[in-house]
Structures are given as C-alpha cells and as structure tokens.
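Printed here is run-v5.cif (mmCIF, C-alpha atoms):
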data_target
#
loop_
_atom_site.label_atom_id
_atom_site.label_comp_id
_atom_site.auth_asym_id
_atom_site.auth_seq_id
_atom_site.Cartn_x
_atom_site.Cartn_y
_atom_site.Cartn_z
CA MET A 319 -2.24 25.56 8.91
CA HIS A 320 -1.46 24.51 12.47
CA ARG A 321 -2.65 20.94 11.72
CA THR A 322 -0.28 20.78 8.74
CA LEU A 323 2.68 21.99 10.77
CA SER A 324 2.03 19.38 13.45
CA VAL A 325 2.12 16.38 11.08
CA ALA A 326 5.49 14.64 11.20
CA SER A 327 7.43 13.52 8.14
CA SER A 328 7.25 9.85 7.21
CA PRO A 329 10.08 7.97 8.95
CA VAL A 330 10.28 5.65 5.95
CA ARG A 331 10.98 8.58 3.61
CA ASP A 332 13.52 9.97 6.06
CA LEU A 333 15.14 6.53 6.30
CA LEU A 334 15.34 6.13 2.52
CA ALA A 335 17.59 9.19 2.42
CA LEU A 336 19.93 7.51 4.92
CA THR A 337 19.99 4.25 2.97
CA SER A 338 20.76 5.74 -0.45
CA ARG A 339 24.45 4.83 -0.12
CA PRO A 340 25.13 1.99 -2.58
CA GLU A 341 26.84 -0.13 0.06
CA VAL A 342 23.69 -0.30 2.20
CA ILE A 343 21.40 -3.31 1.79
CA SER A 344 18.02 -1.85 2.63
CA PHE A 345 14.99 -3.83 3.73
CA ALA A 346 13.29 -0.54 4.57
CA GLY A 347 11.26 0.85 1.67
CA GLY A 348 8.42 -1.10 0.08
CA LEU A 349 9.99 -0.71 -3.35
CA PRO A 350 9.53 -2.85 -6.46
CA ALA A 351 12.71 -4.26 -7.98
CA PRO A 352 13.92 -1.85 -10.68
CA GLU A 353 15.59 -4.58 -12.71
CA LEU A 354 12.13 -6.17 -13.14
CA PHE A 355 10.51 -3.09 -14.69
CA ASP A 356 9.29 -3.80 -18.23
CA LEU A 357 11.50 -1.06 -19.65
CA ASP A 358 11.07 -2.03 -23.31
CA GLY A 359 7.31 -2.27 -23.04
CA VAL A 360 6.97 1.03 -21.19
CA ARG A 361 9.32 2.81 -23.61
CA ALA A 362 7.30 1.56 -26.57
CA ALA A 363 4.06 2.66 -24.90
CA TYR A 364 5.31 6.21 -24.39
CA ASP A 365 6.61 6.33 -27.97
CA ARG A 366 3.24 5.33 -29.37
CA ALA A 367 1.32 7.63 -27.01
CA LEU A 368 3.42 10.62 -28.02
CA ARG A 369 2.42 10.23 -31.66
CA ASN A 370 -0.70 12.12 -30.61
CA ARG A 371 0.15 15.71 -29.64
CA ALA A 372 -3.05 15.92 -27.59
CA VAL A 373 -1.38 13.94 -24.80
CA LEU A 374 0.71 17.06 -24.08
CA GLN A 375 -2.43 19.16 -23.54
CA TYR A 376 -4.70 19.75 -20.56
CA ALA A 377 -7.31 17.03 -20.06
CA PRO A 378 -10.61 16.52 -18.21
CA THR A 379 -10.43 15.73 -14.50
CA GLU A 380 -12.32 12.49 -15.22
CA GLU A 381 -9.11 11.44 -16.98
CA ASP A 382 -8.33 9.26 -20.01
CA PRO A 383 -11.46 7.30 -21.01
CA ALA A 384 -9.40 4.51 -22.60
CA LEU A 385 -7.43 3.99 -19.39
CA ARG A 386 -10.56 4.13 -17.26
CA ASP A 387 -12.18 1.47 -19.44
CA LEU A 388 -9.10 -0.76 -19.29
CA VAL A 389 -8.78 -0.47 -15.52
CA SER A 390 -12.52 -1.08 -15.06
CA ALA A 391 -12.33 -4.17 -17.25
CA ARG A 392 -9.33 -5.45 -15.32
CA LEU A 393 -11.11 -5.03 -11.97
CA THR A 394 -14.20 -6.73 -13.38
CA GLY A 395 -12.03 -9.63 -14.50
CA ARG A 396 -10.67 -9.94 -10.98
CA GLY A 397 -14.16 -10.40 -9.54
CA LEU A 398 -15.01 -6.78 -8.81
CA PRO A 399 -17.65 -5.62 -11.34
CA THR A 400 -16.72 -2.05 -12.24
CA SER A 401 -18.27 0.41 -14.69
CA ASP A 402 -16.01 3.41 -14.03
CA VAL A 403 -13.07 4.63 -11.96
CA LEU A 404 -11.35 7.92 -11.23
CA ILE A 405 -7.70 7.89 -12.27
CA THR A 406 -5.48 9.49 -9.62
CA THR A 407 -1.85 10.49 -9.20
CA GLY A 408 -1.00 7.29 -7.39
CA SER A 409 -3.32 5.62 -4.89
CA GLN A 410 -1.92 7.93 -2.22
CA GLN A 411 -3.73 10.82 -3.91
CA ALA A 412 -6.89 8.73 -3.99
CA LEU A 413 -6.63 8.34 -0.23
CA ALA A 414 -6.05 12.08 0.19
CA LEU A 415 -9.14 12.86 -1.92
CA VAL A 416 -11.28 10.57 0.22
CA ALA A 417 -9.95 12.13 3.43
CA THR A 418 -10.56 15.65 2.11
CA ALA A 419 -14.11 14.85 1.00
CA MET A 420 -15.23 12.79 3.98
CA LEU A 421 -13.24 13.85 7.03
CA GLY A 422 -12.61 17.02 8.97
CA PRO A 423 -11.61 18.21 12.43
CA GLY A 424 -13.10 15.91 15.05
CA ALA A 425 -14.24 13.23 12.58
CA VAL A 426 -13.43 9.68 13.65
CA VAL A 427 -11.64 7.18 11.43
CA ALA A 428 -11.01 3.60 12.50
CA VAL A 429 -7.84 1.84 11.40
CA GLU A 430 -6.36 -1.59 11.79
CA GLU A 431 -3.53 -1.55 14.34
CA PRO A 432 -0.81 -1.39 13.09
CA THR A 433 -1.50 0.23 9.70
CA TYR A 434 0.03 2.02 6.71
CA LEU A 435 1.79 5.06 8.17
CA ALA A 436 1.11 7.38 5.20
CA ALA A 437 -2.61 6.80 5.79
CA LEU A 438 -2.13 7.94 9.38
CA GLN A 439 -0.40 11.07 8.08
CA CYS A 440 -3.24 11.70 5.64
CA PHE A 441 -5.94 11.41 8.29
CA ARG A 442 -4.04 13.58 10.75
CA MET A 443 -3.78 16.30 8.11
CA THR A 444 -7.59 16.61 8.19
CA GLY A 445 -7.71 16.93 11.97
CA ALA A 446 -9.57 13.63 12.27
CA ARG A 447 -9.29 11.50 15.37
CA ILE A 448 -7.84 8.04 14.68
CA VAL A 449 -9.13 5.07 16.65
CA PRO A 450 -7.32 1.71 16.44
CA VAL A 451 -9.02 -1.64 15.88
CA GLU A 452 -7.37 -4.82 17.09
CA SER A 453 -5.84 -7.23 14.57
CA ASP A 454 -4.29 -10.69 14.70
CA ALA A 455 -2.80 -13.20 12.25
CA ASP A 456 -6.08 -13.26 10.28
CA GLY A 457 -6.31 -9.48 10.01
CA LEU A 458 -8.71 -7.05 11.61
CA VAL A 459 -10.81 -8.56 14.43
CA PRO A 460 -14.54 -8.02 13.76
CA SER A 461 -15.53 -8.09 17.44
CA SER A 462 -13.07 -5.28 18.11
CA LEU A 463 -14.54 -3.32 15.18
CA ARG A 464 -18.05 -3.76 16.62
CA SER A 465 -16.86 -2.34 19.93
CA VAL A 466 -15.16 0.62 18.23
CA VAL A 467 -18.22 1.36 16.08
CA ALA A 468 -20.52 1.25 19.12
CA ALA A 469 -18.28 3.47 21.26
CA GLU A 470 -16.79 5.88 18.72
CA LYS A 471 -19.20 6.06 15.73
CA PRO A 472 -16.43 6.37 13.08
CA GLU A 473 -17.17 7.81 9.64
CA LEU A 474 -14.57 5.62 7.92
CA LEU A 475 -12.79 2.33 8.39
CA TYR A 476 -9.43 2.21 6.60
CA LEU A 477 -7.60 -1.04 6.01
CA VAL A 478 -5.24 -2.85 3.67
CA PRO A 479 -6.93 -6.25 3.81
CA THR A 480 -4.69 -8.14 1.39
CA PHE A 481 -0.96 -8.49 2.21
CA ALA A 482 -1.22 -5.53 4.56
CA ASN A 483 1.38 -2.84 4.99
CA PRO A 484 3.16 -3.26 7.40
CA THR A 485 2.24 -6.76 8.60
CA GLY A 486 1.85 -8.74 5.36
CA ARG A 487 -1.35 -10.28 6.80
CA THR A 488 -4.46 -11.07 4.76
CA LEU A 489 -7.95 -10.60 6.15
CA SER A 490 -9.79 -13.92 5.95
CA ALA A 491 -12.82 -14.31 3.68
CA GLU A 492 -15.05 -15.03 6.67
CA ARG A 493 -14.00 -11.82 8.39
CA ARG A 494 -14.54 -9.83 5.20
CA VAL A 495 -18.16 -10.95 5.13
CA GLU A 496 -18.61 -9.98 8.78
CA ILE A 497 -16.99 -6.56 8.28
CA ALA A 498 -19.23 -5.89 5.27
CA GLU A 499 -22.24 -6.71 7.46
CA ILE A 500 -21.03 -4.28 10.13
CA ALA A 501 -20.60 -1.53 7.53
CA ALA A 502 -24.13 -2.08 6.21
CA ALA A 503 -25.71 -2.12 9.65
CA ASP A 504 -23.92 0.96 10.97
CA ASP A 505 -23.63 3.17 7.84
CA LEU A 506 -19.85 2.85 7.95
CA TRP A 507 -17.75 3.61 4.87
CA ILE A 508 -14.86 1.22 4.22
CA VAL A 509 -11.71 2.37 2.43
CA GLU A 510 -10.10 -0.74 0.94
CA ASP A 511 -6.53 0.02 -0.07
CA ASP A 512 -5.29 -2.75 -2.39
CA PRO A 513 -1.88 -1.99 -3.90
CA TYR A 514 -0.47 -5.49 -3.32
CA GLY A 515 -3.37 -7.84 -4.05
CA GLU A 516 -2.04 -9.20 -7.36
CA LEU A 517 1.36 -10.04 -5.85
CA ARG A 518 0.36 -13.46 -4.50
CA TYR A 519 2.99 -16.20 -4.10
CA ARG A 520 0.96 -18.86 -2.30
CA GLY A 521 -2.67 -19.84 -1.90
CA SER A 522 -5.84 -18.65 -3.61
CA ALA A 523 -7.13 -15.12 -4.06
CA VAL A 524 -9.63 -13.77 -1.52
CA PRO A 525 -12.55 -11.71 -2.89
CA PRO A 526 -12.11 -7.97 -2.35
CA LEU A 527 -14.21 -6.35 0.34
CA ALA A 528 -15.64 -4.06 -2.33
CA SER A 529 -17.33 -7.08 -3.92
CA MET A 530 -19.23 -7.65 -0.66
CA SER A 531 -20.21 -4.11 0.32
CA ASP A 532 -21.54 -1.15 -1.65
CA ARG A 533 -20.20 1.08 1.12
CA THR A 534 -16.62 0.41 0.07
CA ILE A 535 -14.24 2.82 -1.63
CA TYR A 536 -11.62 0.73 -3.41
CA LEU A 537 -8.13 2.10 -4.13
CA GLY A 538 -5.70 0.51 -6.60
CA SER A 539 -2.30 1.32 -8.03
CA PHE A 540 -0.02 0.71 -11.00
CA SER A 541 3.02 1.27 -8.79
CA LYS A 542 3.62 -2.25 -7.51
CA VAL A 543 2.85 -4.17 -10.72
CA GLY A 544 3.97 -1.53 -13.24
CA ALA A 545 6.20 1.40 -12.35
CA PRO A 546 5.80 3.77 -9.39
CA GLY A 547 7.42 6.62 -11.30
CA MET A 548 4.35 6.83 -13.53
CA ARG A 549 2.31 7.82 -10.44
CA LEU A 550 -0.93 6.22 -11.53
CA GLY A 551 -3.65 4.91 -9.27
CA TRP A 552 -7.41 4.60 -9.36
CA LEU A 553 -10.43 4.92 -7.16
CA ARG A 554 -13.66 2.91 -7.43
CA ALA A 555 -16.72 4.17 -5.55
CA PRO A 556 -20.51 4.44 -5.90
CA ALA A 557 -21.44 6.85 -8.70
CA ASP A 558 -22.61 9.76 -6.49
CA LEU A 559 -19.47 9.64 -4.37
CA LEU A 560 -17.28 9.24 -7.45
CA ARG A 561 -18.68 12.49 -8.83
CA THR A 562 -17.96 14.27 -5.55
CA LEU A 563 -14.40 12.97 -5.48
CA THR A 564 -13.90 14.12 -9.08
CA ILE A 565 -14.80 17.67 -8.01
CA VAL A 566 -12.36 17.42 -5.09
CA LYS A 567 -9.67 16.32 -7.54
CA GLN A 568 -10.36 19.36 -9.73
CA ALA A 569 -9.28 21.52 -6.83
CA ALA A 570 -6.26 19.34 -6.10
CA ASP A 571 -4.48 19.12 -9.47
CA LEU A 572 -6.98 19.58 -12.35
CA HIS A 573 -5.97 16.17 -13.71
CA THR A 574 -3.34 13.46 -13.51
CA SER A 575 -0.51 13.56 -16.08
CA THR A 576 -2.08 13.14 -19.52
CA VAL A 577 1.09 11.65 -20.99
CA ASP A 578 1.42 9.01 -18.30
CA GLN A 579 -2.25 8.05 -18.61
CA ALA A 580 -2.01 7.70 -22.38
CA ALA A 581 1.14 5.58 -22.11
CA ALA A 582 -0.47 3.35 -19.49
CA ALA A 583 -3.53 2.87 -21.69
CA VAL A 584 -1.29 1.85 -24.61
CA TYR A 585 0.73 -0.44 -22.37
CA LEU A 586 -2.35 -2.23 -21.00
CA ALA A 587 -3.79 -2.61 -24.51
CA ASP A 588 -0.59 -3.89 -26.14
CA ASN A 589 0.96 -6.04 -23.40
CA ASP A 590 0.04 -9.03 -21.26
CA LEU A 591 0.14 -7.51 -17.77
CA ASP A 592 -0.86 -10.82 -16.21
CA ALA A 593 2.26 -12.45 -17.69
CA HIS A 594 4.42 -9.64 -16.33
CA ILE A 595 2.83 -10.03 -12.89
CA ALA A 596 3.48 -13.78 -13.04
CA ARG A 597 7.18 -13.03 -13.58
CA LEU A 598 7.15 -10.63 -10.64
CA CYS A 599 5.47 -13.21 -8.43
CA ALA A 600 8.01 -15.89 -9.32
CA GLU A 601 10.94 -13.63 -8.43
CA TYR A 602 9.40 -11.98 -5.39
CA GLY A 603 8.26 -15.35 -4.12
CA ALA A 604 11.85 -16.59 -4.18
CA ARG A 605 13.00 -13.45 -2.35
CA ARG A 606 10.28 -13.86 0.26
CA ALA A 607 11.36 -17.47 0.80
CA ALA A 608 15.01 -16.42 1.17
CA MET A 609 14.18 -13.86 3.85
CA LEU A 610 11.93 -16.20 5.81
CA ALA A 611 14.51 -19.00 5.64
CA ALA A 612 17.19 -16.70 7.06
CA LEU A 613 15.15 -15.31 9.95
CA PRO A 614 15.71 -18.17 12.43
CA THR A 615 19.47 -17.63 12.29
CA THR A 616 19.21 -13.84 12.14
CA MET A 617 16.81 -12.95 14.94
CA PRO A 618 17.24 -13.47 18.68
CA ALA A 619 15.33 -16.29 20.39
CA GLY A 620 11.76 -15.31 21.13
CA THR A 621 11.31 -13.17 18.01
CA THR A 622 8.04 -13.70 16.14
CA TRP A 623 7.27 -12.80 12.54
CA SER A 624 4.50 -12.93 9.95
CA ASP A 625 4.47 -15.46 7.11
CA PRO A 626 2.84 -13.54 4.23
CA ASP A 627 1.19 -15.22 1.26
CA GLY A 628 2.14 -12.26 -0.93
CA GLY A 629 2.90 -8.56 -0.99
CA MET A 630 6.18 -6.99 0.06
CA PHE A 631 6.56 -7.18 3.83
CA VAL A 632 7.45 -9.30 6.82
CA TRP A 633 6.46 -7.91 10.24
CA LEU A 634 8.53 -8.86 13.27
CA ARG A 635 8.44 -8.44 17.02
CA LEU A 636 11.65 -8.74 18.99
CA PRO A 637 11.54 -10.29 22.47
CA GLY A 638 11.16 -8.33 25.68
CA ASP A 639 11.54 -4.56 25.75
CA ALA A 640 13.80 -4.27 22.71
CA ASP A 641 13.71 -0.93 20.88
CA SER A 642 14.06 -1.39 17.13
CA ALA A 643 14.79 2.31 16.58
CA VAL A 644 17.89 2.02 18.76
CA LEU A 645 18.94 -1.18 17.00
CA LEU A 646 18.51 0.51 13.61
CA LYS A 647 21.34 2.93 14.42
CA ASP A 648 23.69 -0.01 14.90
CA ALA A 649 22.31 -1.74 11.79
CA LEU A 650 23.09 1.31 9.66
CA ARG A 651 26.68 1.18 10.90
CA HIS A 652 26.73 -2.37 9.49
CA ASP A 653 25.25 -1.13 6.18
CA VAL A 654 21.85 -2.77 6.53
CA ALA A 655 18.47 -1.20 7.24
CA PHE A 656 14.86 -1.94 8.24
CA VAL A 657 11.94 0.21 9.40
CA PRO A 658 11.23 0.49 13.14
CA GLY A 659 7.60 -0.39 13.77
CA ALA A 660 6.49 2.35 16.16
CA ALA A 661 5.34 4.76 13.42
CA PHE A 662 2.75 2.27 12.13
CA PHE A 663 0.69 2.52 15.34
CA ALA A 664 -2.10 5.08 15.63
CA THR A 665 -1.95 5.35 19.40
CA THR A 666 0.36 3.32 21.66
CA PRO A 667 3.43 2.18 19.70
CA ASP A 668 5.15 -1.15 20.17
CA HIS A 669 8.83 -0.24 20.00
CA ALA A 670 9.92 -3.87 19.73
CA THR A 671 8.38 -4.23 16.26
CA LEU A 672 9.94 -3.71 12.83
CA ARG A 673 9.05 -4.08 9.17
CA MET A 674 11.27 -5.67 6.53
CA SER A 675 10.68 -5.66 2.77
CA PHE A 676 12.06 -8.45 0.59
CA THR A 677 11.20 -7.26 -2.93
CA ALA A 678 13.95 -4.78 -3.83
CA ASN A 679 16.94 -7.08 -3.19
CA THR A 680 18.08 -10.24 -4.95
CA VAL A 681 18.22 -13.56 -3.12
CA GLU A 682 22.00 -13.14 -2.80
CA GLU A 683 21.65 -9.60 -1.43
CA ILE A 684 19.05 -10.79 1.05
CA GLY A 685 21.47 -13.44 2.30
CA GLU A 686 24.24 -10.89 2.80
CA GLY A 687 21.90 -8.35 4.38
CA MET A 688 20.57 -10.89 6.86
CA ALA A 689 24.12 -11.90 7.78
CA ARG A 690 24.90 -8.26 8.54
CA LEU A 691 21.72 -7.95 10.57
CA ALA A 692 22.62 -11.06 12.58
CA ARG A 693 25.81 -9.33 13.70
CA VAL A 694 23.64 -6.55 15.15
CA LEU A 695 20.89 -8.62 16.75
CA LEU A 696 22.64 -11.75 18.01
#
Encoded form (structure tokens):
Amino acid sequence: MHRTLSVASSPVRDLLALTSRPEVISFAGGLPAPELFDLDGVRAAYDRALRNRAVLQYAPTEEDPALRDLVSARLTGRGLPTSDVLITTGSQQALALVATAMLGPGAVVAVEEPTYLAALQCFRMTGARIVPVESDADGLVPSSLRSVVAAEKPELLYLVPTFANPTGRTLSAERRVEIAEIAAADDLWIVEDDPYGELRYRGSAVPPLASMSDRTIYLGSFSKVGAPGMRLGWLRAPADLLRTLTIVKQAADLHTSTVDQAAAAVYLADNDLDAHIARLCAEYGARRAAMLAALPTTMPAGTTWSDPDGGMFVWLRLPGDADSAVLLKDALRHDVAFVPGAAFFATTPDHATLRMSFTANTVEEIGEGMARLARVLL
C-alpha cells in the first residue's frame, strides 16, 4: 500500500488535462490522429460481432481464439514466428502482468535511459529498483548493458527498441544481436515493447529482438495502428511463461472485453490492415517532415533533436541549463504544449530535454504550433 501511495501520477496524463482546451495545439500526448481512424470499418466490425450474443458473455482468460490466431499470423508474417499470444487490455496491461509475475520489492530492472515513463511507474509499483543503461543515437549501448548486468544482476531489461518513446530512436540490428547474446549468457529476460514498429516512414524494417532471443517477452498493441479506445494489446512469450502470465491475468480482470476482441477479430479478417497502415504512414510521414523542417527556426541555437525513421516522437535537448518544465508554463500561455523530458529518466533527470509528438496535428496545425513555440523559445 505504501509503495502505491508513493508512485506519482504520469505528467503526460496530467498535462493532457491542461491541453484539452480546443485552442491549444498540443505536441504532448503520443496520440493517433482521430480523423484517420477507420470509423466505417470499425463500425461494421462491431455490427457483425454483435450478431452473436455470446460476445456479451464472460469469456476464458486465454481470450478470443480467432483474434489470437489472427494476431499470431500477423506477427509471423512480420518475421516473428508465433504460435500463440495472450490478448491483454492494451499493451500497458501486458507490461503490468509481466511486472507482477517477475518483479517484487528489491528486484532489479534495467531500462534504457531515457525510457517510457509509464513503464517506470509500473516497475516502481512493484517495489523494484530501476537501473539505467546508457543510450545514444543508435539506441541502447551494449557495453553499458554489460556493465549493468555485471554490477547489478537485473532480472529484466525493458526497452522500446523501434521508434522509442520518448526519443524516437531505433536500436540498430547489430546491437540487437549483441543484446540477445548478453541475455542468453546472463539469463536476462528482455521485455520488448513494440507499439510503434509498423509506423515506419523511411528505411527498412529491423528484425524484432524477439526473433533473436527466446528470452524475450514481446508486447504489441492495436492502439497506434487501429484505435486506442478498443484497449487491445497482446503478449508473446515462451509457452511456460505465457501460462503463468495467463494465471496472473485471471486475478487482474478475468478477461479482456469480449466485445472488443470479437470486433477486432472481424476487423482483421475483413479488412486490409496493411493498407490502412500505409495510409497512416503517408500522413504521419508528412507531419513528421513538417515538424522537423520547422525546428531550425523554432528552437534556440545549440538545440539538438532526434531524426526518427518512424513512430510518433521527436526528442530534443535545449542548450545550457534550460528547464523545459519552466518553459512549458509560458508555452501554455501561448496555447501550445510539449512534454518536459525529466519524467522519462529513471534516476538523474535532464531538465533541458523535451518530447514532441507530431501525429495528432495536421501539417497546417504543426506550422502554427511551431510558430507559437518560437515566440516562447526565441
């Protein structure tokens, strides 16, 4: 109980409440564009699913077999041979199940620095000790991981290797091989969180870590390529661990929404999701380009930023001892928002950093939002 009380609320969620005014152009939340939801396709899927009254009934914790088969086939088609998955209430629940099953007070979990802040919240809820691993433009640094493994003996390594949240970076293929070798040699479990991997706007896909290591727990989500309101994710793991995590899920919520699972299964069977993702990538790619093109005239001299090949985020560092949390207050007065970067650090925060998302605003809105931000920063 005391651990729960000591975990702070997500600053992104708190910020979203402040940016709900329609006049605010927000680069804060990692939100998909609502105008790009396939509303007709989703509506038709729910209509067809609801022809079967059983979708309003309780269901097994193992979840909808049709959806599991479709997700497994999709992962297999992406180069990750998969025979079964556990459907979860968003990939965030999948992460919580892993933390509950594998961590406890005093356990050590290694994370890329900086990393997804809701993962930090999740690990802190268990009482685990979080140890950062150095990263650079090519993602997590294997030599730093070796040092952390030798000194700290972590149970888990958590990372978002493809279009990372918050940095947008992608772990190189060479480093993935090396990290898989470290995991095998040191009995380290890897949690590969991959909600953004299909949102690629440039370059070629990199094989998932899970295809290189049988000590990898792979998390996926329908939220970024489908609709986050459906709250559907999945977890791929070795069979013994998958059974354990299914039991943990029984205690958490019995099962994920039967209606939403059935509708998702119908949607995946009846629609070309790859074509929908291609449309998303075309639009998001243009929005990414608009944000990157505006940065040189928006940010003060000496600012650095990532140049992501996909995903939703650009990560920036302002020059000197700037404090992005202080600057955010002024930005909100100009009706524009971003996320200060400090909360993404497990240990020592860098207050000069910030995260900006380009997906939820049109190219025109991005231009106006960056102009507003320039009045704050220049």
### Task
Run the PyMOL selection byres ((chain A and resi 524) around 12) against the file shown and list the residues it catches, as a PyMOL selection string.
chain A and resi 396-398+479-481+488-495+512+515-516+518+520-523+525-530+627-628
### Message
Would you pick out the contacts of A:Gly620 at 10 Å or less, using all atoms listed in the file, so that residues sharing its chain but fewer than 4 positions from it are not included, and give the list as number ranges by chain?
### Response
A: 614, 635-638
### Task
Tell me which residues the PyMOL selection byres ((chain A and resi 567-574) around 12) grabs here, as a PyMOL selection string.
chain A and resi 373-382+385+404-409+411-419+548-553+560-566+575-580
### Query
Exactly which residues make up the result of the PyMOL selection byres ((chain A and resi 652) around 10) on this file, given as a list in words?
Glu341, Val342, Ile343, Leu646, Lys647, Asp648, Ala649, Leu650, Arg651, Asp653, Val654, Ala655, Gly687, Arg690, Leu691, Arg693 and Val694 of chain A
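The residue set within 7 Å of A:Arg605, counting all atoms listed in the file and dropping same-chain residues fewer than 6 places from it, reads A:Phe676, A:Thr677, A:Thr680, A:Val681.
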Would you export the selected residues with C-alpha atoms as a short mmCIF file (atom, residue, chain, number, x, y, z; two decimals), keeping the file's coordinate frame, please?
data_model
loop_
_atom_site.label_atom_id
_atom_site.label_comp_id
_atom_site.auth_asym_id
_atom_site.auth_seq_id
_atom_site.Cartn_x
_atom_site.Cartn_y
_atom_site.Cartn_z
CA PHE A 676 12.06 -8.45 0.59
CA THR A 677 11.20 -7.26 -2.93
CA THR A 680 18.08 -10.24 -4.95
CA VAL A 681 18.22 -13.56 -3.12
#
### Task
For A:Glu431, work out the shell of residues within 9 Å, counting only C-alpha atoms and skipping chain neighbours fewer than 5 positions away, then give it as number ranges by chain.
A: 449-453, 458, 662-665
### Query
With all atoms listed in the file as the basis for distance, which of A:Asp625, A:Asp505, A:Glu496, A:Glu470 is at the shortest distance from A:Ala455?
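Counting all atoms listed in the file, the residue closest to A:Ala455 is A:Asp625.
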### Task
Give me, please, the distance in Å between atom CA of A:Leu349 and atom CA of A:Leu368, quoted to one decimal.
27.9 Å
### Task
Quote the spacing between atom CA of A:Pro423 and atom CA of A:Ala446 in Å to one decimal place.
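Between atom CA of A:Pro423 and atom CA of A:Ala446 the gap works out to 5.0 Å.
Interatomic distance, atom CA of A:Leu645 to atom CA of A:Tyr602: 26.6 Å.
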### Task
Skip A:Arg487 itself and residues of its chain fewer than 2 positions away, then list as a PyMOL selection string all residues within 6 Å of it, counting only C-alpha atoms.
chain A and resi 457+481-482+485+626
